[in-house]
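J.: Dropping a structure here in structure tokens format, bear with me for questions.
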Amino acid sequence: MLWGAKMKKIKIGVLGGYRGTSMISYCKKADNAEIVAICDKSPEVLEAQKERAEGYDITFYDNFDEFIEHDMDAVVLANYANEHAPFAIKAMKKGKHVFSEVLPVQTMKEAVELIEAVEETGMIYAYGENYCFMPAPYEMKKLYGEGKIGEIEYAECEYIHNCAPIWHALTYGEKDHWRNNMYSTFYCTHSLGPIIHATGLRPVSVVGFESSNNHRGIKGGNKSGSFAVEMVTLENGALIKSIHGGLYVDSIWFSMYGSKGRMECGREVPDSGRIRKIYIKSDEIAEAYKITEESYEPKRELDEQGGNFGHGGSDFYVMWNFAEKIKGNPEADIIDVYEAIDMFLPGILGYRSILNGNIPIDIPNLRDKKARDEWRNDTACTIPEVAGDMLLPTCATGTPEIEDEIYDRMKKLWEEECEKKDGSYRASTFKQGMRKKN
Ligand SMILES: NC(=O)c1ccc[n+]([C@@H]2O[C@H](COP(=O)([O-])OP(=O)(O)OC[C@H]3O[C@@H](n4cnc5c(N)ncnc54)[C@H](O)[C@@H]3O)[C@@H](O)[C@H]2O)c1
């Protein structure tokens, strides 16, 4: 039996019915949570969720301010990736615990505000960086904690996703969609996150680099550099090379070198199964310097229940831990607000490094209240309404001009695909193709 299974289920509401489908599915099957409310401003998405709601007591909303008043313990934020913080703050101030999809904030100002909202309200904030909970990266966390490779000295991490073939399904031809307007280092926590979660160490400095070659992206309306690299220094002096974005061939890969050995996972997309395999060479498993490699597929207690969820089962584990944390299970492993911000600052400040000629930028420790003052009015980002007079270009060479025709073509492609797949536009809003790939 699961920990706390006899206790009441945590009542959860989900904002955003595309990616949110994963968390809704979790709540429908879970022993420790139930879905009670869904909010999406898109009538098509709401309608499609209603069609799947038979047998469940779910209230539907198209407006966040009404949704947040619903009788529930917690909310999942699966809305636009650059808009999580304002909703998280509102929700915590209404007494709801928060599970936030990636990314946690859009600006340094929001980072300060989010941390302060968690401190003031005392609500639980869990960052949904599921890549930390994939089978091999999670095993790396366990092994690192046991000292199997000694102290970390160097790591490499990759999240390469060529989204060009599915860009229409990710952005629906919306010119203002966040995916079209972000900068290259924004989506950084799928790669960097697992190293931070495994070691528990804080990044202290970053140098960013971006690819200016974006011919695949421009064809779909994406205005950022196609991929980025951050060289990050951790508080113990270890170096990390983190790469993420759209190269031609997909890859998810994590490798850590320590003072006594090395461990890494297989390099591939999660569905290939290689993210389930770990390879370790260490003095701990062989005589010193006669290092032999050991490899195996780590197993977890709840794999039977959660192993088939998306992203190598990690979509199950992030939600399970969130619900357990609320229930008070001391074993629950979540990414709290400080760790979430640690994972994201190398992205936000890595872009400052790029815009300033790849100079090193110090990463503040926002746990320190005094360190917050320098950043609390910093609204720099690529979205004009949020940035005000601190607007940044979407790549170091400037924001490219993209003709409306490109977005019209993406919209048409998306609509055609919907017709083809499901025979109706409305029922196809779950983006089957995207869910499989993302
Ligand atoms: N962790 C992962 O592996 C993973 C995978 C895919 C997406 N994501 C994340 O999930 C989030 C959502 O991405 P997505 O691909 O589903 O697509 P999306 O961002 O295009 O869709 C978000 C949904 O939220 C709804 N929405 C947005 N603002 C709203 C508001 N103010 N009120 C009501 N509804 C609102 C939209 O109508 C849409 O249905 C993003 O943060 C993304 O980064 C994470």
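Within each chain, counting starts at residue 1; across the structure tokens, chains are named A, B, ... in the order shown, with ligands numbered 1 upward in that order.
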Counting only C-alpha atoms and all ligand atoms, what are the residues, protein, DNA or RNA alike, that approach ligand 1 to within 9 Å? I want them as an MDAnalysis selection string.

T.: chainID A and resid 15:21 39:46 61:65 77:84 87 100:104 128:131 169:172 177:179 187 190 310:311 314:315 429:431 434:435 438

J.: Identify, on the basis of only C-alpha atoms, every residue whose closest approach to region 391-408 of chain A does not exceed 10 Å; exclude the query and any residue fewer than 5 positions from it along the same chain; express the result as a ChimeraX atom specification.

T.: /A:168,171-176,180-185,209-212,214,218-226,351-352,354-357,379-386,413-414

J.: With only C-alpha atoms as the basis for distance, which of A:Tyr248, A:Asn377, A:Ile10, A:Thr121 is at the shortest distance from Asp389 (chain A)?

T.: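 Among A:Tyr248, A:Asn377, A:Ile10, A:Thr121, it is A:Asn377 that comes nearest to Asp389 (chain A).
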
J.: Of the residues A:Asn32, A:Asp342, A:Ile361, A:Lys8, which is the one nearest to Glu324 (chain A), using only C-alpha atoms?

T.: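 Under the stated criterion, the closest residue is A:Asn32.
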
J.: May I have all residues of region 273-373 of chain A that DSSP, computed from the backbone, assigns to strand (DSSP E), given as a PyMOL selection string?

T.: chain A and resi 278-282+293-296+361-362

J.: Quick one: write out the picked residues with C-alpha atoms as a CSV table (one decimal), in the first residue's frame?

T.:
chain,number,residue,atom,x,y,z
A,278,ILE,CA,22.8,3.8,-16.1
A,279,TYR,CA,26.5,3.2,-16.6
A,280,ILE,CA,28.9,3.7,-13.7
A,281,LYS,CA,32.7,3.4,-13.4
A,282,SER,CA,33.9,4.0,-9.9
A,293,GLU,CA,32.0,-0.5,-15.9
A,294,GLU,CA,28.8,-1.6,-14.4
A,295,SER,CA,25.5,-1.0,-16.1
A,296,TYR,CA,21.9,-1.7,-15.1
A,361,ILE,CA,27.9,36.5,-14.8
A,362,ASP,CA,27.7,35.9,-11.0

J.: Quick one: pull the distance between CA of Ala155 (chain A) and CA of Ile195 (chain A), Å, one decimal.

T.: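 Between CA of Ala155 (chain A) and CA of Ile195 (chain A) the gap is 7.5 Å.
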
J.: Report, in Å with one decimal, the straight-line distance from CA of Ile166 (chain A) to CA of Lys412 (chain A).

T.: 13.0 Å

J.: What's around Lys299 (chain A) at 12 Å? Count only C-alpha atoms, leave out sequence neighbours fewer than 5 positions away in its own chain, and write the answer as a list in words.

T.: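 So, after excluding close chain neighbours, the residues are Met134, Pro135, Ala136, Tyr138, Glu139, Lys142, Arg276, Lys277, Ile278, Glu304, Gly306, Gly307, Gly312 and Gly313 of chain A.
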
J.: Mind writing the picked residues with C-alpha atoms as a short mmCIF file (atom, residue, chain, number, x, y, z; two decimals), in the first residue's frame?

T.:
data_model
loop_
_atom_site.label_atom_id
_atom_site.label_comp_id
_atom_site.auth_asym_id
_atom_site.auth_seq_id
_atom_site.Cartn_x
_atom_site.Cartn_y
_atom_site.Cartn_z
CA MET A 134 13.55 10.01 -15.04
CA PRO A 135 14.90 6.56 -14.11
CA ALA A 136 18.65 7.01 -14.73
CA TYR A 138 17.07 9.76 -10.40
CA GLU A 139 19.40 6.83 -9.78
CA LYS A 142 20.74 8.32 -5.20
CA ARG A 276 16.32 3.89 -18.15
CA LYS A 277 19.91 2.63 -18.19
CA ILE A 278 22.82 3.82 -16.09
CA GLU A 304 4.47 -0.89 -11.67
CA GLY A 306 3.91 4.80 -12.62
CA GLY A 307 6.53 3.37 -14.96
CA GLY A 312 10.16 7.57 -18.65
CA GLY A 313 7.64 7.49 -15.79
#

J.: Using CA of Pro360 (chain A) and CA of Ser259 (chain A) as the two end points, give the distance in Å to one decimal.

T.: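 Going from CA of Pro360 (chain A) over to CA of Ser259 (chain A) covers 25.5 Å.
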